[in-house]
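Student: Data file target-v3.pdb (PDB, C-alpha atoms, pLDDT in the B column) is appended below.
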```pdb
ATOM      1  CA  MET A   1      26.949 -38.251  15.457  1.00 68.00           C
ATOM      2  CA  SER A   2      30.022 -37.457  17.578  1.00 75.00           C
ATOM      3  CA  ASP A   3      33.338 -39.279  17.197  1.00 74.00           C
ATOM      4  CA  ALA A   4      32.838 -40.816  20.651  1.00 80.00           C
ATOM      5  CA  SER A   5      29.452 -42.197  19.640  1.00 85.00           C
ATOM      6  CA  GLN A   6      30.862 -43.589  16.402  1.00 86.00           C
ATOM      7  CA  ASN A   7      33.735 -45.247  18.248  1.00 88.00           C
ATOM      8  CA  ASP A   8      31.318 -46.746  20.766  1.00 91.00           C
ATOM      9  CA  LEU A   9      29.122 -48.228  18.045  1.00 95.00           C
ATOM     10  CA  LYS A  10      32.113 -49.582  16.149  1.00 96.00           C
ATOM     11  CA  THR A  11      33.455 -51.148  19.345  1.00 96.00           C
ATOM     12  CA  ARG A  12      30.116 -52.857  19.910  1.00 97.00           C
ATOM     13  CA  LEU A  13      30.154 -54.205  16.360  1.00 98.00           C
ATOM     14  CA  LEU A  14      33.715 -55.468  16.769  1.00 97.00           C
ATOM     15  CA  GLU A  15      32.990 -57.218  20.055  1.00 97.00           C
ATOM     16  CA  ALA A  16      29.920 -58.888  18.573  1.00 98.00           C
ATOM     17  CA  ALA A  17      31.820 -59.928  15.449  1.00 98.00           C
ATOM     18  CA  GLU A  18      34.741 -61.545  17.304  1.00 97.00           C
ATOM     19  CA  MET A  19      32.770 -64.616  18.371  1.00 95.00           C
ATOM     20  CA  HIS A  20      31.776 -65.302  14.750  1.00 97.00           C
ATOM     21  CA  VAL A  21      35.191 -64.761  13.125  1.00 98.00           C
ATOM     22  CA  PRO A  22      36.639 -68.193  14.055  1.00 96.00           C
ATOM     23  CA  PHE A  23      33.771 -69.839  12.146  1.00 96.00           C
ATOM     24  CA  ASP A  24      32.938 -67.399   9.330  1.00 97.00           C
ATOM     25  CA  GLY A  25      36.118 -65.326   9.072  1.00 97.00           C
ATOM     26  CA  TRP A  26      36.058 -61.565   8.601  1.00 98.00           C
ATOM     27  CA  SER A  27      33.181 -61.991   6.166  1.00 97.00           C
ATOM     28  CA  GLU A  28      29.866 -60.419   5.237  1.00 97.00           C
ATOM     29  CA  ALA A  29      28.135 -63.144   7.271  1.00 98.00           C
ATOM     30  CA  THR A  30      30.110 -62.105  10.344  1.00 98.00           C
ATOM     31  CA  PHE A  31      29.293 -58.445   9.784  1.00 98.00           C
ATOM     32  CA  ALA A  32      25.587 -59.174   9.315  1.00 98.00           C
ATOM     33  CA  ALA A  33      25.526 -61.219  12.526  1.00 98.00           C
ATOM     34  CA  ALA A  34      27.241 -58.411  14.449  1.00 98.00           C
ATOM     35  CA  VAL A  35      24.734 -55.862  13.158  1.00 98.00           C
ATOM     36  CA  SER A  36      21.823 -58.091  14.081  1.00 97.00           C
ATOM     37  CA  GLU A  37      23.092 -58.909  17.575  1.00 97.00           C
ATOM     38  CA  THR A  38      23.932 -55.313  18.491  1.00 97.00           C
ATOM     39  CA  GLY A  39      20.655 -53.943  17.167  1.00 96.00           C
ATOM     40  CA  ILE A  40      22.493 -51.156  15.370  1.00 96.00           C
ATOM     41  CA  ASP A  41      20.671 -49.773  12.352  1.00 96.00           C
ATOM     42  CA  PRO A  42      22.167 -51.501   9.260  1.00 96.00           C
ATOM     43  CA  THR A  43      22.479 -48.153   7.462  1.00 96.00           C
ATOM     44  CA  VAL A  44      24.434 -46.682  10.388  1.00 96.00           C
ATOM     45  CA  ALA A  45      26.595 -49.802  10.635  1.00 97.00           C
ATOM     46  CA  ARG A  46      27.437 -49.624   6.935  1.00 97.00           C
ATOM     47  CA  ALA A  47      28.258 -45.937   7.241  1.00 96.00           C
ATOM     48  CA  LEU A  48      30.678 -46.771  10.068  1.00 96.00           C
ATOM     49  CA  CYS A  49      32.157 -49.736   8.190  1.00 97.00           C
ATOM     50  CA  PRO A  50      31.742 -49.242   4.427  1.00 97.00           C
ATOM     51  CA  ARG A  51      33.737 -52.432   3.778  1.00 97.00           C
ATOM     52  CA  GLY A  52      31.866 -54.371   6.419  1.00 97.00           C
ATOM     53  CA  ALA A  53      33.964 -56.936   8.290  1.00 98.00           C
ATOM     54  CA  VAL A  54      37.171 -55.754   6.596  1.00 98.00           C
ATOM     55  CA  ASP A  55      36.886 -52.475   8.490  1.00 98.00           C
ATOM     56  CA  LEU A  56      36.236 -54.420  11.690  1.00 98.00           C
ATOM     57  CA  ALA A  57      39.380 -56.493  11.060  1.00 98.00           C
ATOM     58  CA  VAL A  58      41.348 -53.258  10.706  1.00 98.00           C
ATOM     59  CA  ALA A  59      39.800 -51.976  13.945  1.00 97.00           C
ATOM     60  CA  TYR A  60      40.718 -55.250  15.679  1.00 97.00           C
ATOM     61  CA  HIS A  61      44.379 -54.888  14.673  1.00 97.00           C
ATOM     62  CA  LYS A  62      44.561 -51.226  15.659  1.00 97.00           C
ATOM     63  CA  ARG A  63      42.960 -52.002  19.011  1.00 97.00           C
ATOM     64  CA  GLY A  64      45.796 -54.440  19.632  1.00 97.00           C
ATOM     65  CA  ASP A  65      48.326 -51.737  18.765  1.00 97.00           C
ATOM     66  CA  SER A  66      46.692 -49.365  21.252  1.00 97.00           C
ATOM     67  CA  GLN A  67      46.757 -52.005  23.971  1.00 97.00           C
ATOM     68  CA  MET A  68      50.417 -52.709  23.241  1.00 97.00           C
ATOM     69  CA  THR A  69      51.302 -49.022  23.371  1.00 97.00           C
ATOM     70  CA  ALA A  70      49.557 -48.688  26.736  1.00 97.00           C
ATOM     71  CA  ALA A  71      51.452 -51.707  28.084  1.00 96.00           C
ATOM     72  CA  LEU A  72      54.787 -50.329  26.871  1.00 96.00           C
ATOM     73  CA  ALA A  73      54.047 -46.978  28.510  1.00 95.00           C
ATOM     74  CA  GLU A  74      53.733 -48.763  31.862  1.00 95.00           C
ATOM     75  CA  ALA A  75      56.875 -50.899  31.411  1.00 95.00           C
ATOM     76  CA  ASP A  76      60.319 -49.928  32.684  1.00 94.00           C
ATOM     77  CA  LEU A  77      61.877 -49.630  29.244  1.00 94.00           C
ATOM     78  CA  ASP A  78      64.737 -47.444  30.469  1.00 92.00           C
ATOM     79  CA  ALA A  79      66.216 -50.467  32.237  1.00 93.00           C
ATOM     80  CA  MET A  80      66.332 -52.438  28.961  1.00 94.00           C
ATOM     81  CA  LYS A  81      68.823 -52.480  26.129  1.00 91.00           C
ATOM     82  CA  ILE A  82      67.500 -51.757  22.635  1.00 89.00           C
ATOM     83  CA  ARG A  83      67.327 -55.437  21.720  1.00 90.00           C
ATOM     84  CA  GLU A  84      65.421 -56.223  24.924  1.00 93.00           C
ATOM     85  CA  LYS A  85      62.985 -53.390  24.239  1.00 94.00           C
ATOM     86  CA  ILE A  86      62.183 -54.665  20.760  1.00 93.00           C
ATOM     87  CA  THR A  87      61.813 -58.259  21.944  1.00 95.00           C
ATOM     88  CA  PHE A  88      59.603 -57.180  24.824  1.00 96.00           C
ATOM     89  CA  ALA A  89      57.418 -55.073  22.533  1.00 96.00           C
ATOM     90  CA  VAL A  90      56.908 -57.771  19.908  1.00 96.00           C
ATOM     91  CA  ARG A  91      56.156 -60.372  22.578  1.00 96.00           C
ATOM     92  CA  LYS A  92      53.679 -58.038  24.234  1.00 96.00           C
ATOM     93  CA  ARG A  93      51.941 -57.413  20.904  1.00 97.00           C
ATOM     94  CA  LEU A  94      51.581 -61.155  20.280  1.00 95.00           C
ATOM     95  CA  GLU A  95      50.434 -61.872  23.829  1.00 94.00           C
ATOM     96  CA  ILE A  96      47.607 -59.381  23.357  1.00 93.00           C
ATOM     97  CA  CYS A  97      46.236 -61.639  20.597  1.00 86.00           C
ATOM     98  CA  LEU A  98      44.203 -63.902  22.861  1.00 80.00           C
ATOM     99  CA  ASP A  99      42.342 -65.738  20.100  1.00 91.00           C
ATOM    100  CA  ARG A 100      44.762 -67.297  17.645  1.00 94.00           C
ATOM    101  CA  GLU A 101      42.007 -68.212  15.198  1.00 96.00           C
ATOM    102  CA  VAL A 102      40.809 -64.610  14.956  1.00 97.00           C
ATOM    103  CA  VAL A 103      44.349 -63.541  14.054  1.00 96.00           C
ATOM    104  CA  ARG A 104      44.676 -66.415  11.591  1.00 96.00           C
ATOM    105  CA  ARG A 105      41.500 -65.326   9.846  1.00 97.00           C
ATOM    106  CA  GLY A 106      42.846 -61.791   9.700  1.00 97.00           C
ATOM    107  CA  SER A 107      46.137 -62.963   8.204  1.00 96.00           C
ATOM    108  CA  THR A 108      44.200 -64.851   5.546  1.00 96.00           C
ATOM    109  CA  LEU A 109      42.081 -61.791   4.795  1.00 97.00           C
ATOM    110  CA  PHE A 110      45.032 -59.433   4.408  1.00 96.00           C
ATOM    111  CA  ALA A 111      46.940 -61.940   2.298  1.00 95.00           C
ATOM    112  CA  MET A 112      44.311 -61.546  -0.408  1.00 96.00           C
ATOM    113  CA  PRO A 113      45.487 -59.336  -3.296  1.00 95.00           C
ATOM    114  CA  GLN A 114      42.722 -56.768  -2.821  1.00 96.00           C
ATOM    115  CA  HIS A 115      43.616 -56.312   0.856  1.00 97.00           C
ATOM    116  CA  ALA A 116      47.401 -56.870   0.787  1.00 96.00           C
ATOM    117  CA  ALA A 117      48.215 -53.148   0.796  1.00 95.00           C
ATOM    118  CA  GLN A 118      46.012 -52.668   3.844  1.00 95.00           C
ATOM    119  CA  GLY A 119      47.764 -55.564   5.573  1.00 96.00           C
ATOM    120  CA  ALA A 120      51.197 -54.061   4.859  1.00 95.00           C
ATOM    121  CA  GLU A 121      49.996 -50.738   6.225  1.00 96.00           C
ATOM    122  CA  LEU A 122      48.792 -52.358   9.443  1.00 97.00           C
ATOM    123  CA  ILE A 123      52.080 -54.164  10.054  1.00 96.00           C
ATOM    124  CA  TRP A 124      53.967 -50.956   9.304  1.00 95.00           C
ATOM    125  CA  GLY A 125      51.771 -49.117  11.798  1.00 96.00           C
ATOM    126  CA  THR A 126      52.483 -51.714  14.483  1.00 97.00           C
ATOM    127  CA  CYS A 127      56.226 -51.429  13.959  1.00 95.00           C
ATOM    128  CA  ASP A 128      56.106 -47.637  13.885  1.00 95.00           C
ATOM    129  CA  ALA A 129      54.225 -47.745  17.198  1.00 96.00           C
ATOM    130  CA  ILE A 130      56.917 -50.015  18.660  1.00 95.00           C
ATOM    131  CA  TRP A 131      59.844 -47.839  17.564  1.00 94.00           C
ATOM    132  CA  THR A 132      58.079 -44.687  18.749  1.00 94.00           C
ATOM    133  CA  ALA A 133      57.214 -46.238  22.120  1.00 95.00           C
ATOM    134  CA  ILE A 134      60.794 -47.326  22.790  1.00 93.00           C
ATOM    135  CA  GLY A 135      62.105 -43.851  22.047  1.00 91.00           C
ATOM    136  CA  ASP A 136      63.350 -43.904  18.469  1.00 88.00           C
ATOM    137  CA  THR A 137      64.337 -40.376  17.445  1.00 83.00           C
ATOM    138  CA  SER A 138      65.790 -41.033  13.994  1.00 80.00           C
ATOM    139  CA  ARG A 139      64.855 -38.532  11.308  1.00 77.00           C
ATOM    140  CA  ASP A 140      66.947 -39.788   8.386  1.00 76.00           C
ATOM    141  CA  PHE A 141      66.858 -42.893   6.215  1.00 76.00           C
ATOM    142  CA  ASN A 142      67.144 -44.968   9.409  1.00 81.00           C
ATOM    143  CA  TRP A 143      63.546 -44.024  10.272  1.00 86.00           C
ATOM    144  CA  TYR A 144      62.425 -45.966   7.201  1.00 86.00           C
ATOM    145  CA  SER A 145      64.913 -48.853   7.428  1.00 85.00           C
ATOM    146  CA  LYS A 146      64.181 -49.565  11.105  1.00 87.00           C
ATOM    147  CA  ARG A 147      60.486 -49.934  10.469  1.00 90.00           C
ATOM    148  CA  ALA A 148      60.962 -51.944   7.298  1.00 89.00           C
ATOM    149  CA  THR A 149      63.307 -54.364   9.079  1.00 89.00           C
ATOM    150  CA  LEU A 150      61.049 -54.739  12.105  1.00 91.00           C
ATOM    151  CA  SER A 151      58.050 -55.292   9.804  1.00 92.00           C
ATOM    152  CA  ALA A 152      59.807 -58.354   8.381  1.00 92.00           C
ATOM    153  CA  VAL A 153      60.617 -59.623  11.880  1.00 93.00           C
ATOM    154  CA  TYR A 154      57.114 -59.009  13.195  1.00 94.00           C
ATOM    155  CA  GLY A 155      55.366 -60.475  10.153  1.00 94.00           C
ATOM    156  CA  SER A 156      57.402 -63.690  10.215  1.00 94.00           C
ATOM    157  CA  SER A 157      56.960 -63.994  13.996  1.00 95.00           C
ATOM    158  CA  VAL A 158      53.174 -63.774  13.664  1.00 95.00           C
ATOM    159  CA  LEU A 159      53.154 -66.537  11.054  1.00 95.00           C
ATOM    160  CA  TYR A 160      55.394 -68.721  13.232  1.00 96.00           C
ATOM    161  CA  TRP A 161      53.204 -68.052  16.278  1.00 96.00           C
ATOM    162  CA  LEU A 162      50.086 -69.102  14.378  1.00 95.00           C
ATOM    163  CA  GLY A 163      51.536 -72.590  13.928  1.00 94.00           C
ATOM    164  CA  ASP A 164      53.192 -72.852  17.332  1.00 95.00           C
ATOM    165  CA  ASP A 165      51.801 -75.509  19.655  1.00 93.00           C
ATOM    166  CA  SER A 166      54.661 -75.420  22.163  1.00 95.00           C
ATOM    167  CA  GLU A 167      53.860 -74.846  25.833  1.00 94.00           C
ATOM    168  CA  GLY A 168      53.877 -71.160  26.655  1.00 92.00           C
ATOM    169  CA  ASN A 169      54.801 -70.342  23.042  1.00 94.00           C
ATOM    170  CA  THR A 170      58.438 -71.071  23.864  1.00 96.00           C
ATOM    171  CA  ALA A 171      59.181 -71.996  20.251  1.00 97.00           C
ATOM    172  CA  THR A 172      57.873 -68.627  19.056  1.00 96.00           C
ATOM    173  CA  TRP A 173      59.953 -66.692  21.567  1.00 96.00           C
ATOM    174  CA  ALA A 174      63.051 -68.649  20.514  1.00 96.00           C
ATOM    175  CA  PHE A 175      62.258 -67.889  16.860  1.00 96.00           C
ATOM    176  CA  LEU A 176      61.821 -64.207  17.694  1.00 95.00           C
ATOM    177  CA  ASP A 177      65.175 -64.143  19.483  1.00 93.00           C
ATOM    178  CA  ARG A 178      66.879 -65.640  16.426  1.00 92.00           C
ATOM    179  CA  ARG A 179      65.284 -63.142  14.064  1.00 90.00           C
ATOM    180  CA  ILE A 180      66.258 -60.181  16.217  1.00 89.00           C
ATOM    181  CA  GLU A 181      69.776 -61.576  16.576  1.00 86.00           C
ATOM    182  CA  ASN A 182      70.050 -61.568  12.776  1.00 77.00           C
ATOM    183  CA  VAL A 183      68.894 -57.951  12.681  1.00 74.00           C
ATOM    184  CA  MET A 184      71.326 -56.892  15.407  1.00 72.00           C
ATOM    185  CA  GLN A 185      74.202 -58.574  13.602  1.00 71.00           C
ATOM    186  CA  PHE A 186      73.269 -56.708  10.439  1.00 52.00           C
ATOM    187  CA  GLU A 187      73.132 -53.405  12.325  1.00 57.00           C
ATOM    188  CA  LYS A 188      76.504 -54.148  13.914  1.00 57.00           C
ATOM    189  CA  THR A 189      78.071 -54.881  10.533  1.00 50.00           C
ATOM    190  CA  LYS A 190      76.513 -51.725   9.081  1.00 51.00           C
ATOM    191  CA  ALA A 191      77.877 -49.628  11.953  1.00 54.00           C
ATOM    192  CA  GLN A 192      81.351 -51.133  11.525  1.00 52.00           C
ATOM    193  CA  PHE A 193      81.279 -50.374   7.813  1.00 41.00           C
ATOM    194  CA  LYS A 194      80.247 -46.766   8.431  1.00 52.00           C
ATOM    195  CA  GLY A 195      83.160 -46.359  10.829  1.00 55.00           C
ATOM    196  CA  SER A 196      85.723 -47.831   8.453  1.00 49.00           C
ATOM    197  CA  PRO A 197      87.845 -45.673   6.091  1.00 57.00           C
ATOM    198  CA  ILE A 198      85.831 -46.898   3.089  1.00 48.00           C
ATOM    199  CA  GLY A 199      82.550 -46.259   4.878  1.00 44.00           C
ATOM    200  CA  LYS A 200      83.592 -42.711   5.731  1.00 52.00           C
ATOM    201  CA  MET A 201      84.669 -42.127   2.149  1.00 51.00           C
ATOM    202  CA  MET A 202      81.306 -43.394   0.878  1.00 46.00           C
ATOM    203  CA  ALA A 203      79.202 -41.483   3.409  1.00 51.00           C
ATOM    204  CA  ALA A 204      78.592 -38.407   1.257  1.00 55.00           C
ATOM    205  CA  PRO A 205      77.756 -40.311  -1.973  1.00 53.00           C
ATOM    206  CA  LEU A 206      75.423 -42.676  -0.086  1.00 48.00           C
ATOM    207  CA  GLU A 207      73.634 -39.783   1.562  1.00 57.00           C
ATOM    208  CA  MET A 208      73.151 -38.155  -1.815  1.00 53.00           C
ATOM    209  CA  LEU A 209      71.854 -41.430  -3.255  1.00 48.00           C
ATOM    210  CA  GLU A 210      69.339 -41.789  -0.429  1.00 52.00           C
ATOM    211  CA  ARG A 211      68.036 -38.290  -1.099  1.00 54.00           C
ATOM    212  CA  ILE A 212      67.690 -39.010  -4.806  1.00 49.00           C
ATOM    213  CA  ARG A 213      65.878 -42.292  -4.201  1.00 47.00           C
ATOM    214  CA  ALA A 214      63.497 -40.711  -1.647  1.00 48.00           C
ATOM    215  CA  PRO A 215      61.793 -44.076  -1.074  1.00 47.00           C
ATOM    216  CA  LYS A 216      58.104 -44.206  -0.400  1.00 50.00           C
ATOM    217  CA  ALA A 217      56.350 -46.074   2.381  1.00 51.00           C
ATOM    218  CA  PRO A 218      54.771 -49.422   1.380  1.00 50.00           C
ATOM    219  CA  GLU A 219      52.019 -49.207  -1.213  1.00 51.00           C
ATOM    220  CA  GLY A 220      48.712 -48.369   0.362  1.00 49.00           C
ATOM    221  CA  MET A 221      50.222 -46.320   3.175  1.00 49.00           C
ATOM    222  CA  PRO A 222      49.391 -42.635   3.373  1.00 44.00           C
ATOM    223  CA  GLY A 223      52.267 -40.195   3.052  1.00 44.00           C
ATOM    224  CA  SER A 224      55.820 -40.537   1.852  1.00 43.00           C
ATOM    225  CA  TRP A 225      59.064 -41.747   3.330  1.00 46.00           C
ATOM    226  CA  THR A 226      59.721 -38.484   5.172  1.00 48.00           C
ATOM    227  CA  PRO A 227      59.385 -39.402   8.873  1.00 53.00           C
ATOM    228  CA  PRO A 228      56.761 -37.646  10.931  1.00 53.00           C
ATOM    229  CA  ARG A 229      57.635 -35.569  13.950  1.00 51.00           C
ATOM    230  CA  HIS A 230      56.184 -37.154  17.085  1.00 51.00           C
TER     231      HIS A 230
END
```
Could you spell out this file's structure in structure tokens?

Tutor:
Amino acid sequence: MSDASQNDLKTRLLEAAEMHVPFDGWSEATFAAAVSETGIDPTVARALCPRGAVDLAVAYHKRGDSQMTAALAEADLDAMKIREKITFAVRKRLEICLDREVVRRGSTLFAMPQHAAQGAELIWGTCDAIWTAIGDTSRDFNWYSKRATLSAVYGSSVLYWLGDDSEGNTATWAFLDRRIENVMQFEKTKAQFKGSPIGKMMAAPLEMLERIRAPKAPEGMPGSWTPPRH
């Protein structure tokens, strides 16, 4: 079976599963219903999704990332400042989530200990996609720190959005602005420190320390801290 055929079948399973997720979650019952409604051979369906609905939940999240990336490619990002780019990207990613209950069920799933690593990997992937789309070219420790910081912002924004009943999600956008303001203030302070006499004096030792630490990506993510070349 070709990759295109596999992707088509998996898409059909995902679309069929979505209507059941609000009621049954990303569960075996949801997966069984999707298999039944699509008429896909259960053996083939299981081969495509060995973990059943968990694999469909992963596919759902990654589909959102792809849609966000496509939207960012069409946006006039060059006219935006870095803060505006990040805000725009996170908002766009949340706006793609049309069914809040489906996302809520996914958050519950990936909060479970056995799936927490997968959840961290998905958030990391979203934030990597954002930084890459807005033109991040860092190749040093900043590659890691930018994604780690944005992961915290994105994760907390999703949780806030899930409980937001304000018109037009205005409360969520205000929360997002505050979180990004905190990050920008931190980056400003860090830049000022690096430019100070003490910061310059500590530059070489800190660089050596970063190389020694060689931090890894979050548990469950493939690869190490070394940033990929896009």

Student: Quick one: contact table of stretch 109-178 of chain A to stretch 55-73 of chain A, 7 Å max, nearest atom pair and distance in Å to one decimal per residue, counting only C-alpha atoms, chain and number order, as CSV?

Tutor:
```
residue,atom,partner,partner_atom,distance
A:Thr126,CA,A:Asp65,CA,6.0
A:Ala129,CA,A:Thr69,CA,6.9
A:Ala133,CA,A:Thr69,CA,6.7
```

Student: What do you get, as an MDAnalysis selection string, if you spell out every residue that the PyMOL selection byres ((chain A and resi 100-106) around 9) selects here?

Tutor: chainID A and resid 18:19 21:26 54 57:58 61 97:99 107:111 119 158:159 161:162

Student: Quick one: write out the picked residues with C-alpha atoms as a short mmCIF file (atom, residue, chain, number, x, y, z; two decimals), keeping the file's coordinate frame?

Tutor:
```cif
data_model
loop_
_atom_site.label_atom_id
_atom_site.label_comp_id
_atom_site.auth_asym_id
_atom_site.auth_seq_id
_atom_site.Cartn_x
_atom_site.Cartn_y
_atom_site.Cartn_z
CA GLU A 18 34.74 -61.54 17.30
CA MET A 19 32.77 -64.62 18.37
CA VAL A 21 35.19 -64.76 13.12
CA PRO A 22 36.64 -68.19 14.06
CA PHE A 23 33.77 -69.84 12.15
CA ASP A 24 32.94 -67.40 9.33
CA GLY A 25 36.12 -65.33 9.07
CA TRP A 26 36.06 -61.56 8.60
CA VAL A 54 37.17 -55.75 6.60
CA ALA A 57 39.38 -56.49 11.06
CA VAL A 58 41.35 -53.26 10.71
CA HIS A 61 44.38 -54.89 14.67
CA CYS A 97 46.24 -61.64 20.60
CA LEU A 98 44.20 -63.90 22.86
CA ASP A 99 42.34 -65.74 20.10
CA SER A 107 46.14 -62.96 8.20
CA THR A 108 44.20 -64.85 5.55
CA LEU A 109 42.08 -61.79 4.80
CA PHE A 110 45.03 -59.43 4.41
CA ALA A 111 46.94 -61.94 2.30
CA GLY A 119 47.76 -55.56 5.57
CA VAL A 158 53.17 -63.77 13.66
CA LEU A 159 53.15 -66.54 11.05
CA TRP A 161 53.20 -68.05 16.28
CA LEU A 162 50.09 -69.10 14.38
#
```

Student: Of the candidates A:Met112, A:Ala117, A:Val90, A:Ile134, which shows the shortest atom-to-atom distance to A:Glu74, using only C-alpha atoms?

Tutor: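 The shortest atom-to-atom distance to A:Glu74 comes from A:Ile134.
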
Student: Can you tell me, as number ranges by chain, what residues are no more than 12 Å from A:Ile82 when counting all atoms listed in the file, ignoring any on the same chain fewer than 3 positions away?

Tutor: A: 77-79, 85-89, 130-131, 133-136, 180-181, 183-184, 187

Student: Now that the selection is made, can you save its residues with C-alpha atoms as a PDB file, in the frame of the given file?

Tutor:
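As a result, result33.pdb now contains:
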```pdb
ATOM      1  CA  LEU A  77      61.877 -49.630  29.244  1.00 94.00           C
ATOM      2  CA  ASP A  78      64.737 -47.444  30.469  1.00 92.00           C
ATOM      3  CA  ALA A  79      66.216 -50.467  32.237  1.00 93.00           C
ATOM      4  CA  LYS A  85      62.985 -53.390  24.239  1.00 94.00           C
ATOM      5  CA  ILE A  86      62.183 -54.665  20.760  1.00 93.00           C
ATOM      6  CA  THR A  87      61.813 -58.259  21.944  1.00 95.00           C
ATOM      7  CA  PHE A  88      59.603 -57.180  24.824  1.00 96.00           C
ATOM      8  CA  ALA A  89      57.418 -55.073  22.533  1.00 96.00           C
ATOM      9  CA  ILE A 130      56.917 -50.015  18.660  1.00 95.00           C
ATOM     10  CA  TRP A 131      59.844 -47.839  17.564  1.00 94.00           C
ATOM     11  CA  ALA A 133      57.214 -46.238  22.120  1.00 95.00           C
ATOM     12  CA  ILE A 134      60.794 -47.326  22.790  1.00 93.00           C
ATOM     13  CA  GLY A 135      62.105 -43.851  22.047  1.00 91.00           C
ATOM     14  CA  ASP A 136      63.350 -43.904  18.469  1.00 88.00           C
ATOM     15  CA  ILE A 180      66.258 -60.181  16.217  1.00 89.00           C
ATOM     16  CA  GLU A 181      69.776 -61.576  16.576  1.00 86.00           C
ATOM     17  CA  VAL A 183      68.894 -57.951  12.681  1.00 74.00           C
ATOM     18  CA  MET A 184      71.326 -56.892  15.407  1.00 72.00           C
ATOM     19  CA  GLU A 187      73.132 -53.405  12.325  1.00 57.00           C
TER      20      GLU A 187
END
```

Student: What is the atom CA of A:Arg91 to atom CA of A:Thr137 distance in Å?

Tutor: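 Between atom CA of A:Arg91 and atom CA of A:Thr137 the gap is 22.2 Å.
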
Student: What does the distance between atom CA of A:Met80 and atom CA of A:Leu122 come to in Å, to one decimal place?

Tutor: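 Going from atom CA of A:Met80 over to atom CA of A:Leu122 covers 26.2 Å.
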
Student: Can you work out the spacing between atom CA of A:Asp128 and atom CA of A:Asn7 in Å, to one decimal?

Tutor: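 If I compute the distance from atom CA of A:Asp128 to atom CA of A:Asn7, I get 22.9 Å.
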
Student: For A:Ile123, which of A:Arg179, A:Tyr154, A:Trp143, A:Ala17 is the closest residue, counting all atoms listed in the file?

Tutor: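 Nearest to A:Ile123: A:Tyr154.
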
Student: Could you work out an axis-aligned box for stretch 151-155 of chain A, taking every atom the file lists and adding 5 Å on each side, and report centre and edge lengths in Å to one decimal, as AutoDock Vina command-line options?

Tutor:
```
--center_x 58.0 --center_y -57.9 --center_z 10.8 --size_x 15.3 --size_y 15.2 --size_z 14.8
```
